[in-house]
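Source file: run.cif; contents: mmCIF, C-alpha atoms and all ligand atoms.
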data_input
loop_
_atom_site.label_atom_id
_atom_site.label_comp_id
_atom_site.auth_asym_id
_atom_site.auth_seq_id
_atom_site.Cartn_x
_atom_site.Cartn_y
_atom_site.Cartn_z
CA MET O 1 -93.18 -97.18 68.38
CA ASN O 2 -90.23 -95.97 70.45
CA LYS O 3 -89.77 -97.40 73.90
CA LYS O 4 -88.20 -96.11 77.07
CA GLY O 5 -88.04 -97.87 80.41
CA PHE O 6 -89.96 -95.86 83.00
CA ILE O 7 -88.74 -96.40 86.54
CA PHE O 8 -90.60 -95.01 89.55
CA ASP O 9 -89.31 -94.60 93.05
CA LEU O 10 -92.09 -95.37 95.55
CA ASP O 11 -91.88 -93.36 98.78
CA GLY O 12 -92.57 -89.69 98.07
CA VAL O 13 -93.17 -90.29 94.36
CA ILE O 14 -96.11 -92.68 94.07
CA VAL O 15 -97.38 -92.39 97.63
CA ASP O 16 -96.82 -89.87 100.38
CA THR O 17 -95.17 -92.35 102.74
CA ALA O 18 -92.22 -89.98 103.28
CA LYS O 19 -94.32 -88.41 106.08
CA TYR O 20 -94.74 -91.83 107.78
CA HIS O 21 -91.02 -92.59 107.55
CA PHE O 22 -90.41 -89.16 109.12
CA LEU O 23 -92.85 -89.76 111.98
CA ALA O 24 -91.46 -93.23 112.70
CA TRP O 25 -87.81 -92.12 112.60
CA ARG O 26 -88.51 -89.06 114.76
CA LYS O 27 -90.26 -91.17 117.37
CA LEU O 28 -87.38 -93.63 117.39
CA ALA O 29 -84.70 -90.91 117.51
CA ASN O 30 -86.47 -89.18 120.40
CA THR O 31 -86.77 -92.48 122.28
CA ILE O 32 -82.98 -92.77 122.32
CA GLY O 33 -82.52 -89.08 123.14
CA VAL O 34 -81.58 -87.82 119.68
CA ASP O 35 -83.14 -84.70 118.10
CA PHE O 36 -84.55 -85.21 114.64
CA THR O 37 -85.56 -82.41 112.30
CA GLU O 38 -87.17 -82.15 108.85
CA VAL O 39 -83.78 -81.05 107.48
CA GLN O 40 -82.17 -84.25 108.73
CA ASN O 41 -85.12 -86.21 107.38
CA GLU O 42 -84.36 -84.89 103.90
CA GLN O 43 -81.01 -86.66 104.13
CA LEU O 44 -82.74 -89.96 104.88
CA LYS O 45 -85.01 -89.89 101.84
CA GLY O 46 -84.13 -92.75 99.51
CA VAL O 47 -81.67 -94.09 102.09
CA SER O 48 -81.99 -97.71 103.27
CA ARG O 49 -83.32 -98.58 106.72
CA VAL O 50 -79.92 -99.73 108.03
CA ARG O 51 -78.10 -96.67 106.70
CA SER O 52 -80.80 -94.35 108.09
CA LEU O 53 -80.37 -95.69 111.61
CA GLN O 54 -76.58 -95.47 111.31
CA LYS O 55 -76.93 -91.80 110.35
CA ILE O 56 -79.30 -91.02 113.24
CA LEU O 57 -76.91 -92.67 115.70
CA ALA O 58 -73.99 -90.71 114.24
CA TRP O 59 -75.93 -87.40 114.54
CA GLY O 60 -76.68 -88.18 118.18
CA LYS O 61 -73.13 -89.47 118.79
CA LYS O 62 -74.59 -92.73 120.11
CA SER O 63 -72.97 -96.11 119.92
CA ILE O 64 -75.02 -99.22 120.59
CA SER O 65 -74.65 -102.99 120.39
CA GLU O 66 -75.58 -105.00 117.32
CA GLU O 67 -78.46 -106.48 119.24
CA GLN O 68 -79.84 -103.06 120.16
CA PHE O 69 -79.39 -101.95 116.57
CA ALA O 70 -81.53 -104.84 115.32
CA GLN O 71 -84.12 -104.11 118.00
CA LEU O 72 -84.37 -100.42 117.04
CA MET O 73 -84.71 -101.31 113.35
CA GLY O 74 -87.57 -103.63 114.26
CA MET O 75 -89.26 -100.94 116.36
CA LYS O 76 -89.05 -98.39 113.57
CA ASN O 77 -90.52 -100.76 111.04
CA GLU O 78 -93.35 -101.86 113.31
CA ASP O 79 -94.30 -98.26 113.91
CA TYR O 80 -94.03 -97.50 110.17
CA LEU O 81 -96.18 -100.51 109.28
CA SER O 82 -98.89 -99.34 111.66
CA TYR O 83 -99.23 -96.21 109.48
CA ILE O 84 -99.13 -98.28 106.28
CA ASP O 85 -101.90 -100.49 107.54
CA GLY O 86 -104.39 -97.66 107.24
CA MET O 87 -103.38 -96.73 103.70
CA GLY O 88 -105.72 -96.81 100.73
CA GLN O 89 -105.98 -95.57 97.17
CA ASP O 90 -106.64 -92.02 98.39
CA GLU O 91 -102.94 -91.85 99.34
CA ILE O 92 -101.71 -92.19 95.78
CA LEU O 93 -100.12 -88.82 94.99
CA PRO O 94 -101.97 -86.53 92.52
CA ASP O 95 -101.91 -87.62 88.87
CA VAL O 96 -99.63 -90.62 89.44
CA SER O 97 -102.40 -92.88 88.14
CA ARG O 98 -102.92 -90.64 85.10
CA ILE O 99 -99.22 -90.87 84.16
CA LEU O 100 -99.08 -94.65 84.74
CA ASP O 101 -102.18 -95.13 82.57
CA CYS O 102 -100.75 -92.85 79.88
CA LEU O 103 -97.55 -94.97 79.78
CA ILE O 104 -99.53 -98.21 79.67
CA GLU O 105 -101.65 -96.83 76.85
CA LYS O 106 -98.44 -96.02 74.96
CA ASN O 107 -97.03 -99.52 75.59
CA GLN O 108 -94.11 -98.29 77.65
CA PRO O 109 -92.53 -100.74 80.12
CA ILE O 110 -92.78 -99.67 83.77
CA SER O 111 -90.75 -100.75 86.80
CA LEU O 112 -90.59 -99.84 90.43
CA GLY O 113 -87.10 -98.93 91.71
CA SER O 114 -87.38 -98.49 95.46
CA ALA O 115 -85.08 -98.87 98.45
CA SER O 116 -88.00 -100.02 100.58
CA LYS O 117 -88.45 -103.58 101.77
CA ASN O 118 -92.13 -102.74 102.27
CA ALA O 119 -92.70 -101.74 98.64
CA ARG O 120 -94.81 -104.73 97.61
CA ILE O 121 -97.14 -104.39 100.61
CA ILE O 122 -97.66 -100.70 99.85
CA LEU O 123 -98.37 -101.24 96.13
CA GLU O 124 -100.97 -103.85 97.07
CA LYS O 125 -102.53 -101.50 99.63
CA VAL O 126 -103.04 -98.77 97.07
CA ALA O 127 -103.99 -101.27 94.33
CA LEU O 128 -101.25 -100.24 91.89
CA ARG O 129 -99.34 -103.54 91.73
CA ASP O 130 -100.85 -104.51 88.36
CA LYS O 131 -99.60 -101.38 86.62
CA PHE O 132 -95.96 -102.50 86.92
CA ASP O 133 -94.13 -104.87 84.58
CA ALA O 134 -91.31 -105.29 87.11
CA ILE O 135 -90.64 -104.53 90.75
CA VAL O 136 -87.17 -104.01 92.16
CA ASP O 137 -87.03 -103.06 95.83
CA GLY O 138 -84.92 -103.15 98.97
CA ASN O 139 -85.18 -106.94 99.12
CA ASP O 140 -83.41 -107.32 95.78
CA VAL O 141 -80.39 -105.04 96.09
CA SER O 142 -77.27 -105.03 98.23
CA ASN O 143 -76.17 -101.46 97.50
CA ALA O 144 -78.41 -98.57 98.52
CA LYS O 145 -78.96 -95.36 96.53
CA PRO O 146 -76.93 -93.29 95.51
CA ASP O 147 -75.52 -96.56 94.18
CA PRO O 148 -77.31 -97.15 90.84
CA GLU O 149 -77.84 -100.90 91.46
CA VAL O 150 -81.62 -100.68 91.99
CA PHE O 151 -82.19 -98.75 88.75
CA LEU O 152 -79.79 -100.88 86.70
CA MET O 153 -81.60 -103.97 87.93
CA ALA O 154 -84.94 -102.39 86.99
CA ALA O 155 -83.66 -101.59 83.48
CA LYS O 156 -82.51 -105.17 83.12
CA SER O 157 -85.88 -106.52 84.28
CA LEU O 158 -87.56 -104.40 81.62
CA ASN O 159 -84.98 -105.44 79.02
CA ILE O 160 -84.21 -101.81 78.21
CA ALA O 161 -80.72 -100.24 78.02
CA ALA O 162 -79.88 -97.99 80.96
CA ASP O 163 -79.47 -94.90 78.78
CA LYS O 164 -83.01 -95.48 77.48
CA CYS O 165 -84.55 -95.28 80.95
CA VAL O 166 -86.33 -92.46 82.73
CA VAL O 167 -86.37 -92.28 86.54
CA PHE O 168 -88.87 -90.41 88.71
CA GLU O 169 -87.32 -89.63 92.11
CA ASP O 170 -87.99 -87.38 95.10
CA SER O 171 -84.66 -87.89 96.86
CA VAL O 172 -81.22 -86.41 96.32
CA ALA O 173 -79.67 -89.89 96.66
CA GLY O 174 -82.07 -91.28 94.05
CA VAL O 175 -81.44 -88.51 91.53
CA GLU O 176 -77.72 -89.10 91.95
CA ALA O 177 -78.22 -92.86 91.41
CA ALA O 178 -80.20 -92.21 88.20
CA ASN O 179 -77.53 -89.84 86.91
CA VAL O 180 -74.74 -92.32 87.69
CA ALA O 181 -76.73 -94.98 85.78
CA ASP O 182 -76.82 -92.62 82.78
CA MET O 183 -80.62 -92.43 82.90
CA ILE O 184 -82.86 -89.40 82.42
CA SER O 185 -83.57 -88.15 85.96
CA ILE O 186 -86.83 -86.44 86.79
CA GLY O 187 -87.03 -84.89 90.23
CA ILE O 188 -90.42 -84.75 91.91
CA GLY O 189 -90.33 -82.05 94.57
CA ASP O 190 -88.30 -78.97 95.35
CA ALA O 191 -86.17 -77.75 92.41
CA GLU O 192 -83.52 -76.31 94.73
CA ILE O 193 -83.05 -79.57 96.61
CA LEU O 194 -83.21 -81.69 93.46
CA HIS O 195 -81.05 -79.38 91.34
CA GLU O 196 -79.00 -82.27 89.94
CA ALA O 197 -82.00 -83.76 88.14
CA ASP O 198 -82.43 -83.31 84.37
CA TYR O 199 -85.97 -82.01 84.97
CA VAL O 200 -87.86 -81.11 88.15
CA PHE O 201 -91.62 -80.87 88.73
CA ASN O 202 -93.42 -80.14 91.97
CA ASP O 203 -95.67 -83.13 91.31
CA PHE O 204 -97.19 -85.18 88.50
CA THR O 205 -99.99 -82.66 87.87
CA GLU O 206 -97.29 -80.57 86.14
CA ILE O 207 -96.34 -83.37 83.75
CA SER O 208 -98.19 -83.27 80.43
CA THR O 209 -98.90 -86.06 77.97
CA GLN O 210 -96.82 -84.06 75.50
CA PHE O 211 -93.81 -84.16 77.83
CA ILE O 212 -94.20 -87.95 78.19
CA GLU O 213 -94.31 -88.25 74.39
CA GLU O 214 -91.14 -86.15 74.12
CA LEU O 215 -89.39 -88.47 76.58
CA ILE O 216 -90.49 -91.55 74.64
CA ASN O 217 -89.20 -90.09 71.37
CA LYS O 218 -85.94 -88.71 72.80
CA LYS O 219 -82.81 -90.18 71.12
C1 LIG C 1 -86.95 -95.34 100.82
C2 LIG C 1 -87.36 -94.22 101.73
O1 LIG C 1 -87.82 -95.40 99.72
O2 LIG C 1 -86.99 -96.58 101.50
C3 LIG C 1 -86.50 -94.22 102.98
O3 LIG C 1 -87.21 -92.97 101.05
C4 LIG C 1 -86.56 -95.59 103.65
O4 LIG C 1 -86.96 -93.22 103.85
C5 LIG C 1 -86.15 -96.67 102.66
O5 LIG C 1 -85.70 -95.63 104.78
C6 LIG C 1 -86.25 -98.06 103.24
O6 LIG C 1 -87.60 -98.35 103.47
P1 LIG C 1 -88.15 -99.52 104.37
O7 LIG C 1 -89.63 -99.50 104.08
O8 LIG C 1 -87.51 -100.79 103.88
O9 LIG C 1 -87.81 -99.21 105.77
MG MG C 2 -88.44 -91.61 97.59
#
Show this structure as structure tokens.
Ligand code: BG6
Ligand code: MG
Amino acid sequence: MNKKGFIFDLDGVIVDTAKYHFLAWRKLANTIGVDFTEVQNEQLKGVSRVRSLQKILAWGKKSISEEQFAQLMGMKNEDYLSYIDGMGQDEILPDVSRILDCLIEKNQPISLGSASKNARIILEKVALRDKFDAIVDGNDVSNAKPDPEVFLMAAKSLNIAADKCVVFEDSVAGVEAANVADMISIGIGDAEILHEADYVFNDFTEISTQFIEELINKK
């Protein structure tokens, strides 16, 4: 049987944690007197924690010491983790489990490819850890999306060539990373925002078994 490597982003693809990142960043931005909108938040999706804070500071024209920077990063993550703490399986996005089970049934290797350093905790919380053959997250990479490092590492972990991998992503930076890695990019979300993806679906309920089979058999 043909094989592709299936790589899933986490935040906003498997679980709706994008809303928690938004709440935590907004609270932090407001604490230091910086406005923070949903439009700006879109630009932080898929972006590492360090880079996100740098962007917020740049938007607010703030300069701070290294020590303060580290402190703010800690505050944001503590706040974020307080939301994560309450998470359960009901926060898995619609039909994600169906697609994962369909891939497992078809013997397709599956990896996580996330910028988050909290990825493992979250997968445990929602009891999806066992569905993945490999996990590559923010603790493993030194270059953040749109750099393709995270996806290339995932492909390697699965022992599948990059051009035989499929990436599910909700962020502009992640779609760009998948495209740079020469992988099939599937945007999950708004087609206008994710226009650079090879395919876009609003969510996994729109993805059929037939489409998965087509991906597996694609040259
Ligand atoms: C990405 C999110 O998956 O992970 C970003 O889209 C987030 O919003 C990044 O900043 C880093 O996550 P964490 O959990 O390490 O702060
Ligand atoms: Mg994401």
Quiz item: Pick from O:Ala173, O:Ile64, O:Ile160, O:Met1: nearest to ligand LIG 1 (chain C), with all atoms listed in the file counted?
Solution: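 Result for the nearest residue to ligand LIG 1 (chain C): O:Ala173.
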Practice problem: Could you give me, as JSON, numbers by chain, the residues within 12 Å of O:Leu100, counting all atoms listed in the file and dropping anything in the same chain fewer than 2 positions from it? | Solution: {"O": [6, 7, 8, 14, 92, 93, 94, 95, 96, 97, 98, 102, 103, 104, 105, 106, 107, 108, 109, 110, 111, 112, 128, 129, 130, 131, 132, 133, 168, 204, 207, 209, 212]}
Exercise. Report as a PyMOL selection string which protein, DNA and RNA residues come within 6 Å of ligand LIG 1 (chain C), using only C-alpha atoms and all ligand atoms.
Key: chain O and resi 10-11+21+44-49+114-118
Practice problem: Fewer than 6 positions away in the same chain doesn't count, so skip those; otherwise give me all residues within 10 Å of O:Gly88, counting all atoms listed in the file, as a ChimeraX atom specification. | Solution: /O:15,122-127
Kindly export the residues of the current selection with C-alpha atoms, as a PDB file, in the frame of the given file.
ATOM      1  CA  VAL O  15     -97.380 -92.390  97.630  1.00  0.00           C
ATOM      2  CA  ILE O 122     -97.660-100.700  99.850  1.00  0.00           C
ATOM      3  CA  LEU O 123     -98.370-101.240  96.130  1.00  0.00           C
ATOM      4  CA  GLU O 124    -100.970-103.850  97.070  1.00  0.00           C
ATOM      5  CA  LYS O 125    -102.530-101.500  99.630  1.00  0.00           C
ATOM      6  CA  VAL O 126    -103.040 -98.770  97.070  1.00  0.00           C
ATOM      7  CA  ALA O 127    -103.990-101.270  94.330  1.00  0.00           C
TER       8      ALA O 127
END
Self-check item: Nearest to ligand MG 2 (chain C) by atom-to-atom distance, counting only C-alpha atoms and all ligand atoms, from O:Asp35, O:Ala29, O:Lys164, O:Gly174
Solution: O:Gly174
Practice problem: Could you check which of O:Gln71, O:Asn217, O:Ser63, O:Ser171 is closest to ligand MG 2 (chain C), using only C-alpha atoms and all ligand atoms? | Solution: O:Ser171
Quiz prompt | 12 Å contact set for stretch 72-77 of chain O, all atoms listed in the file, chain neighbours under 3 positions out, as an NGL selection string | solution = :O and (20-32 or 48-54 or 56-57 or 64-69 or 80-85 or 116-118)
Quiz prompt | Atom-to-atom span, atom CA of O:Lys19 and atom CA of O:Met87, Å | solution = 12.5 Å
Exercise. Kindly indicate which residue among O:Val34, O:Leu158, O:Val141, O:Val172 lies nearest to ligand MG 2 (chain C), using all atoms listed in the file for the distances.
Key: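 When distances to ligand MG 2 (chain C) are compared using all atoms listed in the file, the smallest one comes from O:Val172.
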Tell me, as a CSV table (one decimal) with C-alpha atoms, in the coordinates of the input, which residues lie within 8 Å of stretch 185-187 of chain O, counting all atoms listed in the file; anything in the same chain fewer than 5 positions away does not count.
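Just written: selection_0.csv:
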chain,number,residue,atom,x,y,z
O,166,VAL,CA,-86.3,-92.5,82.7
O,167,VAL,CA,-86.4,-92.3,86.5
O,168,PHE,CA,-88.9,-90.4,88.7
O,169,GLU,CA,-87.3,-89.6,92.1
O,170,ASP,CA,-88.0,-87.4,95.1
O,171,SER,CA,-84.7,-87.9,96.9
O,175,VAL,CA,-81.4,-88.5,91.5
O,178,ALA,CA,-80.2,-92.2,88.2
O,179,ASN,CA,-77.5,-89.8,86.9
O,194,LEU,CA,-83.2,-81.7,93.5
O,197,ALA,CA,-82.0,-83.8,88.1
O,198,ASP,CA,-82.4,-83.3,84.4
O,199,TYR,CA,-86.0,-82.0,85.0
O,200,VAL,CA,-87.9,-81.1,88.2
O,201,PHE,CA,-91.6,-80.9,88.7
Quiz item: Restricting the calculation to all atoms listed in the file, which member of O:Gly5, O:Val39, O:Asp101, O:Ala144 is positioned closest to O:Met183?
Solution: O:Gly5
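Straight-line separation from atom CA of O:Asn41 to atom CA of O:Asp90: 24.0 Å.
You will find atom CA of O:Ser142 at 22.3 Å from atom CA of O:Glu78.
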Self-check item: Counting only C-alpha atoms and all ligand atoms, the residue of O:Cys165, O:Met153, O:Ala58, O:Ala119 that sits nearest ligand MG 2 (chain C)
Solution: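 So, comparing all the options, the nearest one is O:Ala119.
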